[in-house]
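Structure file model-v4.txt; described as compact mmCIF, C-alpha atoms.
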```txt
# COMPACT_ATOMS: atom_id res chain seq x y z
CA MET S 1 89.83 107.05 102.15
CA GLU S 2 88.04 110.40 102.26
CA PHE S 3 85.44 111.62 104.70
CA LYS S 4 82.85 114.37 105.06
CA LYS S 5 81.61 115.67 108.40
CA THR S 6 78.06 116.66 109.30
CA ALA S 7 77.39 117.98 112.79
CA THR S 8 74.08 118.58 114.58
CA ALA S 9 73.34 119.43 118.19
CA GLU S 10 72.91 115.75 118.98
CA ALA S 11 75.47 113.98 116.84
CA THR S 12 78.51 114.18 114.65
CA GLU S 13 78.36 112.06 111.50
CA LEU S 14 81.27 111.21 109.25
CA SER S 15 80.55 109.77 105.80
CA LEU S 16 83.50 107.66 104.64
CA SER S 17 84.18 106.91 101.00
CA GLY S 18 86.79 104.98 99.02
CA ARG S 19 88.91 102.35 100.76
CA LEU S 20 89.71 102.25 104.49
CA GLU S 21 92.92 100.28 104.78
CA PHE S 22 96.36 100.00 106.31
CA THR S 23 97.67 103.14 104.62
CA ASP S 24 95.05 105.35 106.34
CA HIS S 25 96.68 105.97 109.71
CA ASP S 26 97.01 109.68 108.98
CA ALA S 27 93.28 109.88 108.24
CA LEU S 28 92.59 108.08 111.52
CA ARG S 29 94.55 110.76 113.36
CA ASP S 30 92.43 113.45 111.65
CA ILE S 31 89.20 111.68 112.62
CA ILE S 32 90.33 111.32 116.22
CA GLY S 33 90.91 115.08 116.19
CA ILE S 34 87.23 115.50 115.25
CA VAL S 35 86.22 113.10 118.01
CA GLU S 36 88.14 115.20 120.52
CA GLN S 37 86.29 118.32 119.35
CA SER S 38 82.86 116.71 119.29
CA GLY S 39 82.49 116.90 123.06
CA GLY S 40 80.93 113.60 123.98
CA LYS S 41 78.12 113.62 121.46
CA ARG S 42 76.87 110.59 119.62
CA PHE S 43 79.35 109.81 116.83
CA VAL S 44 78.13 108.08 113.68
CA LEU S 45 80.31 106.58 110.95
CA ASN S 46 78.31 106.25 107.74
CA LEU S 47 79.96 103.57 105.57
CA ALA S 48 77.38 103.57 102.75
CA ASP S 49 79.92 104.97 100.27
CA LEU S 50 82.87 102.94 101.53
CA ALA S 51 83.90 100.35 98.94
CA PHE S 52 86.48 98.33 100.89
CA ILE S 53 87.74 97.84 104.41
CA ASP S 54 90.61 95.60 105.48
CA SER S 55 91.57 94.20 108.87
CA ALA S 56 93.60 97.31 109.67
CA GLY S 57 90.55 99.44 108.86
CA LEU S 58 88.44 97.37 111.24
CA GLY S 59 91.10 97.92 113.88
CA MET S 60 90.71 101.65 113.27
CA LEU S 61 86.96 101.39 113.95
CA LEU S 62 87.78 99.81 117.32
CA ILE S 63 90.28 102.54 118.11
CA LEU S 64 87.65 105.15 117.23
CA GLN S 65 85.10 103.50 119.48
CA GLU S 66 87.52 103.65 122.38
CA GLU S 67 88.34 107.29 121.65
CA VAL S 68 84.64 108.26 121.41
CA GLU S 69 83.82 106.49 124.67
CA SER S 70 86.78 108.03 126.43
CA HIS S 71 85.27 111.43 125.60
CA GLY S 72 81.88 110.41 126.97
CA GLY S 73 80.20 109.69 123.63
CA ALA S 74 78.88 106.61 121.89
CA LEU S 75 79.89 105.31 118.48
CA ALA S 76 77.57 103.76 115.92
CA VAL S 77 78.37 102.45 112.44
CA ARG S 78 75.70 102.49 109.77
CA GLY S 79 75.21 101.86 106.08
CA ALA S 80 77.76 99.07 105.62
CA ALA S 81 76.99 97.02 102.54
CA GLY S 82 78.64 94.64 100.09
CA ASP S 83 82.30 93.88 100.73
CA VAL S 84 82.43 96.19 103.74
CA LYS S 85 79.55 94.37 105.43
CA ARG S 86 81.19 91.04 104.59
CA SER S 87 84.38 92.09 106.41
CA ILE S 88 82.48 93.44 109.41
CA ASP S 89 80.45 90.26 109.68
CA LEU S 90 83.45 87.94 109.27
CA ALA S 91 85.32 89.74 112.03
CA ARG S 92 82.18 89.84 114.20
CA ILE S 93 82.66 93.54 114.80
CA GLY S 94 78.92 93.81 115.52
CA GLU S 95 79.57 92.11 118.86
CA ILE S 96 81.74 95.06 119.88
CA ILE S 97 80.45 98.12 118.01
CA THR S 98 76.84 99.20 117.53
CA ILE S 99 75.94 98.49 113.91
CA GLU S 100 72.86 100.20 112.49
CA ASP S 101 71.24 99.36 109.16
CA MET P 1 116.66 135.41 87.00
CA ASP P 2 117.83 133.21 89.81
CA ALA P 3 114.75 133.94 91.90
CA ALA P 4 112.42 133.25 89.00
CA PHE P 5 114.29 130.08 88.21
CA SER P 6 114.08 128.86 91.78
CA GLU P 7 110.29 129.25 91.78
CA THR P 8 109.91 126.89 88.85
CA PRO P 9 108.42 123.66 90.15
CA PRO P 10 110.82 120.76 89.87
CA MET P 11 110.29 118.61 86.83
CA PRO P 12 109.09 115.11 87.65
CA PRO P 13 111.61 112.42 86.83
CA PRO P 14 111.11 110.93 83.37
CA VAL P 15 109.01 107.80 83.37
CA SER P 16 110.51 104.87 81.55
CA PRO P 17 107.99 102.51 79.99
CA PRO P 18 108.22 98.80 80.74
CA ARG P 19 110.81 97.15 78.57
CA ALA P 20 111.10 93.60 77.48
CA PHE P 21 113.93 91.52 78.81
CA SER P 22 114.05 88.03 77.45
CA LEU P 23 116.45 85.86 79.28
CA LEU P 24 118.01 84.36 76.22
CA ARG P 25 120.07 81.36 76.95
CA ASP P 26 122.90 82.73 74.91
CA ARG P 27 122.97 85.94 76.95
CA VAL P 28 122.53 84.68 80.46
CA PRO P 29 125.27 82.92 82.38
CA ALA P 30 124.36 79.28 82.80
CA ASP P 31 124.44 79.42 86.60
CA MET P 32 122.06 82.37 86.65
CA ALA P 33 119.65 80.72 84.23
CA ALA P 34 119.75 77.56 86.31
CA ARG P 35 119.01 79.56 89.47
CA LEU P 36 116.00 81.23 87.87
CA VAL P 37 114.76 77.91 86.61
CA ALA P 38 115.15 76.40 90.06
CA ARG P 39 113.14 79.21 91.60
CA ILE P 40 110.25 79.57 89.26
CA GLY P 41 110.22 76.02 87.99
CA GLY P 42 108.74 74.73 84.80
CA ILE P 43 111.33 75.94 82.35
CA GLU P 44 113.97 73.55 81.33
CA VAL P 45 117.41 74.69 80.36
CA GLY P 46 118.24 72.92 77.14
CA GLU P 47 121.44 71.33 76.19
CA PRO P 48 123.93 73.63 74.50
CA ASP P 49 123.37 73.79 70.75
CA PRO P 50 126.66 74.09 68.84
CA GLY P 51 124.79 75.72 65.94
CA GLU P 52 123.53 78.67 68.00
CA PRO P 53 125.44 81.80 69.01
CA GLY P 54 126.67 81.31 72.52
CA GLY P 55 125.89 77.65 72.37
CA PHE P 56 122.18 77.78 73.34
CA PRO P 57 119.02 78.04 71.23
CA ALA P 58 117.89 81.64 70.77
CA GLU P 59 114.45 81.16 72.26
CA PRO P 60 113.68 82.94 75.50
CA ALA P 61 113.85 80.87 78.64
CA VAL P 62 111.79 83.40 80.61
CA GLU P 63 109.81 86.32 79.26
CA ALA P 64 110.24 89.30 81.56
CA GLN P 65 109.10 92.90 81.68
CA LEU P 66 111.36 95.24 83.61
CA ILE P 67 110.15 98.48 85.18
CA ASP P 68 112.53 101.07 86.60
CA ARG P 69 110.06 102.43 89.16
CA ALA P 70 106.61 100.88 89.39
CA ASP P 71 103.25 102.60 89.30
CA ARG P 72 99.84 101.17 88.48
CA ASP P 73 99.88 102.18 84.82
CA LEU P 74 103.34 100.75 84.21
CA ILE P 75 102.46 97.46 85.89
CA ARG P 76 99.27 97.20 83.83
CA ALA P 77 101.22 97.98 80.67
CA ALA P 78 103.75 95.29 81.52
CA PHE P 79 101.05 92.75 82.40
CA GLY P 80 99.40 93.53 79.06
CA ARG P 81 102.35 91.91 77.33
CA SER P 82 101.68 88.70 79.28
CA PRO P 83 105.19 88.03 80.53
CA PHE P 84 105.95 85.41 83.13
CA LEU P 85 108.02 87.84 85.19
CA THR P 86 107.24 91.50 85.86
CA VAL P 87 110.06 93.00 87.90
CA GLU P 88 110.47 96.48 89.32
CA LEU P 89 114.17 97.15 89.42
CA GLY P 90 114.03 100.10 91.81
CA GLU P 91 116.26 103.12 91.72
CA GLY P 92 119.94 102.73 91.08
CA THR P 93 119.88 99.24 89.67
CA ASP P 94 120.14 97.78 86.23
CA GLY P 95 118.58 94.72 84.73
CA PRO P 96 121.31 92.14 85.03
CA ALA P 97 122.21 93.33 88.53
CA ALA P 98 118.61 93.06 89.68
CA LEU P 99 118.29 89.59 88.28
CA LEU P 100 121.39 88.59 90.16
CA ASP P 101 119.95 89.96 93.40
CA ASP P 102 118.88 87.38 95.89
CA TRP P 103 115.14 87.34 95.37
CA SER P 104 113.03 85.57 97.90
CA ALA P 105 112.72 82.02 96.78
CA ALA P 106 109.44 81.19 95.08
CA PRO P 107 108.05 77.81 96.05
CA ALA P 108 109.13 75.12 93.68
CA ALA P 109 106.53 74.39 91.05
CA GLU P 110 105.00 70.96 91.44
CA HIS P 111 103.46 71.05 88.01
CA PRO P 112 105.90 72.61 85.57
CA CYS P 113 103.37 73.10 82.79
CA ARG P 114 100.94 75.17 84.80
CA PRO P 115 100.57 78.74 83.61
CA GLY P 116 101.24 81.65 85.89
CA PHE P 117 102.92 84.98 86.43
CA TYR P 118 105.30 86.52 88.91
CA LEU P 119 105.32 90.15 90.08
CA SER P 120 108.32 91.45 92.02
CA LEU P 121 108.20 94.96 93.50
CA THR P 122 110.15 97.01 95.97
CA THR P 123 108.38 97.64 99.26
CA GLY P 124 108.45 101.39 98.71
CA SER P 125 106.39 101.05 95.55
CA ALA P 126 104.18 98.20 96.71
CA TYR P 127 103.02 100.16 99.78
CA GLY P 128 100.65 102.43 97.90
CA LEU P 129 99.88 100.38 94.79
CA GLN P 130 96.94 98.23 95.90
CA CYS P 131 98.80 95.17 94.65
CA ALA P 132 95.85 92.84 95.27
CA VAL P 133 93.69 94.87 92.89
CA LEU P 134 96.39 94.79 90.20
CA VAL P 135 96.96 91.06 90.52
CA CYS P 136 93.24 90.23 90.53
CA ASP P 137 92.77 92.48 87.49
CA GLU P 138 95.47 90.48 85.74
CA LEU P 139 93.99 87.13 86.77
CA ALA P 140 90.65 88.33 85.37
CA ARG P 141 92.29 89.56 82.18
CA ARG P 142 93.86 86.15 81.67
CA GLY P 143 90.44 84.54 82.12
CA VAL P 144 91.37 82.76 85.33
CA LEU P 145 89.28 84.57 87.92
CA ASP P 146 85.54 84.03 88.24
CA PRO P 147 84.03 87.50 88.84
CA HIS P 148 81.88 86.08 91.63
CA ARG P 149 85.00 84.91 93.50
CA ARG P 150 87.03 88.01 92.98
CA SER P 151 86.02 89.90 96.09
CA ASP P 152 87.03 87.11 98.48
CA MET P 153 90.31 86.48 96.67
CA GLU P 154 91.17 90.16 96.58
CA LEU P 155 90.62 90.55 100.33
CA CYS P 156 92.74 87.48 101.14
CA LEU P 157 95.55 88.59 98.85
CA HIS P 158 95.37 92.13 100.22
CA GLU P 159 95.77 90.84 103.77
CA ALA P 160 98.72 88.64 102.82
CA VAL P 161 100.37 91.58 101.03
CA VAL P 162 99.79 93.91 103.99
CA ASN P 163 101.36 91.37 106.34
CA ALA P 164 104.36 91.03 104.00
CA ILE P 165 104.83 94.79 103.73
CA VAL P 166 104.06 95.96 107.26
CA HIS P 167 105.13 93.08 109.48
CA GLY P 168 107.62 91.50 107.08
CA ASN P 169 109.64 94.02 105.12
CA LEU P 170 108.99 97.05 107.35
CA GLY P 171 109.40 94.95 110.49
CA LEU P 172 106.52 96.64 112.34
CA SER P 173 104.72 94.85 115.15
CA SER P 174 101.06 95.61 115.79
CA ALA P 175 101.69 95.48 119.53
CA ALA P 176 101.89 99.27 119.66
CA LYS P 177 98.30 99.55 118.44
CA GLY P 178 97.06 97.85 121.59
CA GLU P 179 98.42 100.57 123.87
CA PRO P 180 96.65 103.85 124.69
CA GLY P 181 97.51 106.30 121.92
CA GLY P 182 99.40 103.53 120.19
CA TYR P 183 97.97 104.41 116.79
CA ARG P 184 100.07 107.60 116.82
CA ARG P 185 103.23 105.68 117.63
CA PHE P 186 102.44 103.05 115.01
CA SER P 187 101.84 105.74 112.40
CA GLU P 188 105.13 107.45 113.28
CA MET P 189 107.03 104.17 113.09
CA MET P 190 105.44 103.42 109.73
CA ARG P 191 106.50 106.80 108.37
CA ALA P 192 110.05 106.35 109.69
CA ARG P 193 110.46 102.92 108.13
CA LEU P 194 109.06 104.07 104.80
CA GLY P 195 111.88 106.64 104.87
CA ASP P 196 114.55 104.00 105.40
CA PRO P 197 116.14 103.22 102.00
CA ALA P 198 117.24 99.74 103.07
CA MET P 199 113.74 98.77 104.13
CA ILE P 200 111.89 100.13 101.14
CA ARG P 201 114.26 98.30 98.79
CA ARG P 202 113.22 94.94 100.25
CA ARG P 203 111.22 92.94 97.76
CA LEU P 204 107.62 91.87 97.78
CA ASP P 205 107.02 89.00 95.39
CA ILE P 206 103.62 87.70 94.30
CA PHE P 207 103.60 84.42 92.43
CA CYS P 208 100.38 83.16 90.80
CA ARG P 209 99.85 79.76 89.22
CA TRP P 210 96.68 77.93 88.29
CA ASP P 211 95.22 74.84 86.74
CA ASN P 212 91.71 73.56 86.20
CA ARG P 213 91.26 72.78 89.88
CA SER P 214 92.73 75.70 91.77
CA ILE P 215 94.49 79.06 91.79
CA THR P 216 97.55 79.34 94.00
CA ILE P 217 99.05 82.67 95.04
CA ALA P 218 102.26 82.91 97.03
CA VAL P 219 103.20 86.18 98.71
CA LEU P 220 106.84 86.46 99.74
CA ASP P 221 108.76 89.05 101.69
CA GLN P 222 112.31 89.59 102.90
CA GLY P 223 111.54 90.42 106.51
CA GLY P 224 112.39 88.65 109.73
CA GLY P 225 109.51 86.18 109.58
CA PHE P 226 107.03 85.49 112.36
CA ASP P 227 105.42 82.71 114.35
CA ALA P 228 102.59 81.64 112.06
CA VAL P 229 100.82 79.70 114.82
CA LEU P 230 100.65 82.71 117.12
CA ALA P 231 99.63 85.04 114.30
CA ALA P 232 96.85 82.74 113.14
CA ALA P 233 95.49 82.44 116.68
CA GLY P 234 95.07 86.21 117.17
CA GLY P 235 92.53 88.70 115.95
CA GLY P 236 89.57 88.01 118.19
CA GLY P 237 87.50 90.20 120.49
CA THR P 238 88.57 93.83 120.79
CA ALA P 239 92.12 93.25 119.46
CA ARG P 240 93.13 96.03 117.08
CA SER P 241 95.01 93.67 114.79
CA GLY P 242 95.32 90.06 113.68
CA ARG P 243 92.09 89.76 111.70
CA GLY P 244 93.92 89.34 108.41
CA PHE P 245 94.37 85.64 109.10
CA VAL P 246 90.71 85.42 110.16
CA PHE P 247 89.77 86.62 106.66
CA MET P 248 92.27 84.37 104.89
CA ARG P 249 91.22 81.27 106.81
CA ALA P 250 87.54 81.98 106.22
CA LEU P 251 87.69 82.85 102.53
CA ALA P 252 90.56 80.87 100.99
CA SER P 253 90.33 77.13 100.43
CA ARG P 254 93.72 76.64 102.06
CA VAL P 255 96.28 78.93 103.73
CA THR P 256 99.86 77.79 104.28
CA VAL P 257 102.67 79.77 105.85
CA THR P 258 106.21 78.67 105.07
CA ASP P 259 109.78 79.95 105.23
CA GLY P 260 109.46 81.02 108.86
CA GLY P 261 106.57 83.33 108.07
CA ARG P 262 108.09 84.94 104.97
CA CYS P 263 105.83 83.14 102.52
CA THR P 264 102.05 82.91 102.67
CA ILE P 265 100.43 80.60 100.13
CA LEU P 266 96.75 81.06 99.38
CA GLN P 267 94.86 78.41 97.45
CA PHE P 268 91.40 78.85 95.97
CA ASP P 269 89.51 75.92 94.52
CA ARG P 270 87.91 76.70 91.17
```

Please express what this file holds, its structure, as structure tokens.
Amino acid sequence: MEFKKTATAEATELSLSGRLEFTDHDALRDIIGIVEQSGGKRFVLNLADLAFIDSAGLGMLLILQEEVESHGGALAVRGAAGDVKRSIDLARIGEIITIED
Amino acid sequence: MDAAFSETPPMPPPVSPPRAFSLLRDRVPADMAARLVARIGGIEVGEPDPGEPGGFPAEPAVEAQLIDRADRDLIRAAFGRSPFLTVELGEGTDGPAALLDDWSAAPAAEHPCRPGFYLSLTTGSAYGLQCAVLVCDELARRGVLDPHRRSDMELCLHEAVVNAIVHGNLGLSSAAKGEPGGYRRFSEMMRARLGDPAMIRRRLDIFCRWDNRSITIAVLDQGGGFDAVLAAAGGGGTARSGRGFVFMRALASRVTVTDGGRCTILQFDR
């Protein structure tokens, strides 16, 4: 998985691409580092270019939500489509994380 | 000269292409051939033929492709020759020795004539290979996999493979992920176990068979096993793990866990 960061005064957005899966724990650590620096702003994960997410990747989204909230921010996920949306829907992640179209 | 020499980047190890290894009945000890037959099923060991060298007919009992150290290109090249077995030997082994190793037992074939293939990798190689993609590519190449069903099958197989690698062969529990900062500890444990030669030599086996009605994929590991009932019950709410079985149960026609959690069998109706 690769990601690109865009920051504004109101929000930090990360655009994820490729596959988010069980081998991406190092990337998760890097993203949590960005969360820690974002200072409680709104944090958006844009999954429009993500091709695949597995159950471990969904677990990483939950970890990120907890990290964002612990720094006073709020996490939203947007742009999920295709196989990624299928996985999010099957696991009912929308009941826990804010999902935007 | 010495300084200049030391700055030269190390040469990558030479890559050996897949090589054919036909288990000819006149080259394989009878007990070994019988053991292979018992494991993969469907191939009968004939009666000794006095007219053949070694006493057995010179037709291959099992077509195999052997790979010294697997990568995606080598596995695809081996699959392209349509063997029944594709086996990564791993470093420091040779063909006959690897075949004598105690592979995880594949489930006995109920229908000996059904086609199929068997991929056996070391954990160290399987970790980064996206095995589910490779296997689904091969099922599609052999005309077995409906493109509209591929996505669901690939996710189920991926989850079974991840369980076999992470929780089976690497022996990692997801419990650490549920603790504050646990992702760091889990990541460190993962890195440590991937550096353990004994653990990364454990085998991950994927065994595919099909007929007109269904495709069956067995994923086998050499780990300590797990309580399948407890594992299948997890994965709800805010849990950071356990959703792999949620996916498998939702998308596969049937999911069966055997051998104390070391074998997950996925069945997909066609």

Any idea what's packed within 6 Å of Ser17 of chain S, counting all atoms listed in the file, ignoring anything in its chain fewer than 4 positions away? Could you give it as a PDB file with C-alpha atoms, keeping the file's coordinate frame?
```
ATOM      1  CA  MET S   1      89.830 107.050 102.150  1.00  0.00           C
ATOM      2  CA  GLU S   2      88.040 110.400 102.260  1.00  0.00           C
ATOM      3  CA  ASP S  49      79.920 104.970 100.270  1.00  0.00           C
ATOM      4  CA  LEU S  50      82.870 102.940 101.530  1.00  0.00           C
TER       5      LEU S  50
END
```

task = May I have the residues of chain S within 6 Å of chain P, counting all atoms listed in the file, written as a PyMOL selection string?
result = chain S and resi 25+55+59

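The residue that comes closest to Gly260 of chain P, out of P:Gly168, P:Ala175, P:Glu138, P:Leu121 and on the basis of all atoms listed in the file, is P:Gly168.
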
ask   = By how many Å are atom CA of Thr258 of chain P and atom CA of Asn169 of chain P apart?
value = 15.7 Å

task = Would you list the contacts of Gly143 of chain P as an NGL selection string, taking every protein, DNA or RNA residue within 12 Å and counting all atoms listed in the file, but skipping same-chain residues closer than 5 positions in sequence?
result = :P and (115-116 or 136-138 or 150 or 210-212 or 215)

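Pairwise distance (atom CA of Ile200 of chain P, atom CA of Gly261 of chain P) equals 18.9 Å.
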
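Of the residues listed (S:Gly18, S:Val77, S:Ile32, S:Gln37), S:Val77 shows the shortest atom-to-atom separation from Gly94 of chain S; distances use only C-alpha atoms.
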
Considering only C-alpha atoms, return as a PDB file with C-alpha atoms, keeping the file's coordinate frame whatever protein or nucleic-acid residues lie within 12 Å of Arg76 of chain P, sequence-local ones (same chain, fewer than 4 positions apart) excluded.
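Saved to part35.pdb:
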```pdb
ATOM      1  CA  PRO P  17     107.990 102.510  79.990  1.00  0.00           C
ATOM      2  CA  PRO P  18     108.220  98.800  80.740  1.00  0.00           C
ATOM      3  CA  GLN P  65     109.100  92.900  81.680  1.00  0.00           C
ATOM      4  CA  ILE P  67     110.150  98.480  85.180  1.00  0.00           C
ATOM      5  CA  ALA P  70     106.610 100.880  89.390  1.00  0.00           C
ATOM      6  CA  ASP P  71     103.250 102.600  89.300  1.00  0.00           C
ATOM      7  CA  ARG P  72      99.840 101.170  88.480  1.00  0.00           C
ATOM      8  CA  GLY P  80      99.400  93.530  79.060  1.00  0.00           C
ATOM      9  CA  ARG P  81     102.350  91.910  77.330  1.00  0.00           C
ATOM     10  CA  SER P  82     101.680  88.700  79.280  1.00  0.00           C
ATOM     11  CA  PRO P  83     105.190  88.030  80.530  1.00  0.00           C
ATOM     12  CA  THR P  86     107.240  91.500  85.860  1.00  0.00           C
ATOM     13  CA  LEU P 119     105.320  90.150  90.080  1.00  0.00           C
ATOM     14  CA  LEU P 129      99.880 100.380  94.790  1.00  0.00           C
ATOM     15  CA  CYS P 131      98.800  95.170  94.650  1.00  0.00           C
ATOM     16  CA  VAL P 133      93.690  94.870  92.890  1.00  0.00           C
ATOM     17  CA  LEU P 134      96.390  94.790  90.200  1.00  0.00           C
ATOM     18  CA  VAL P 135      96.960  91.060  90.520  1.00  0.00           C
ATOM     19  CA  CYS P 136      93.240  90.230  90.530  1.00  0.00           C
ATOM     20  CA  ASP P 137      92.770  92.480  87.490  1.00  0.00           C
ATOM     21  CA  GLU P 138      95.470  90.480  85.740  1.00  0.00           C
ATOM     22  CA  LEU P 139      93.990  87.130  86.770  1.00  0.00           C
ATOM     23  CA  ARG P 141      92.290  89.560  82.180  1.00  0.00           C
TER      24      ARG P 141
END
```

query = So how far away is atom CA of Arg202 of chain P from atom CA of Asp221 of chain P, in Å?
reply =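 These two atoms are separated by 7.5 Å.
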
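Residue nearest Lys4 of chain S, chosen from S:Ala74, S:Ala27, S:Leu90, S:Ile97 and counting all atoms listed in the file: S:Ala27.
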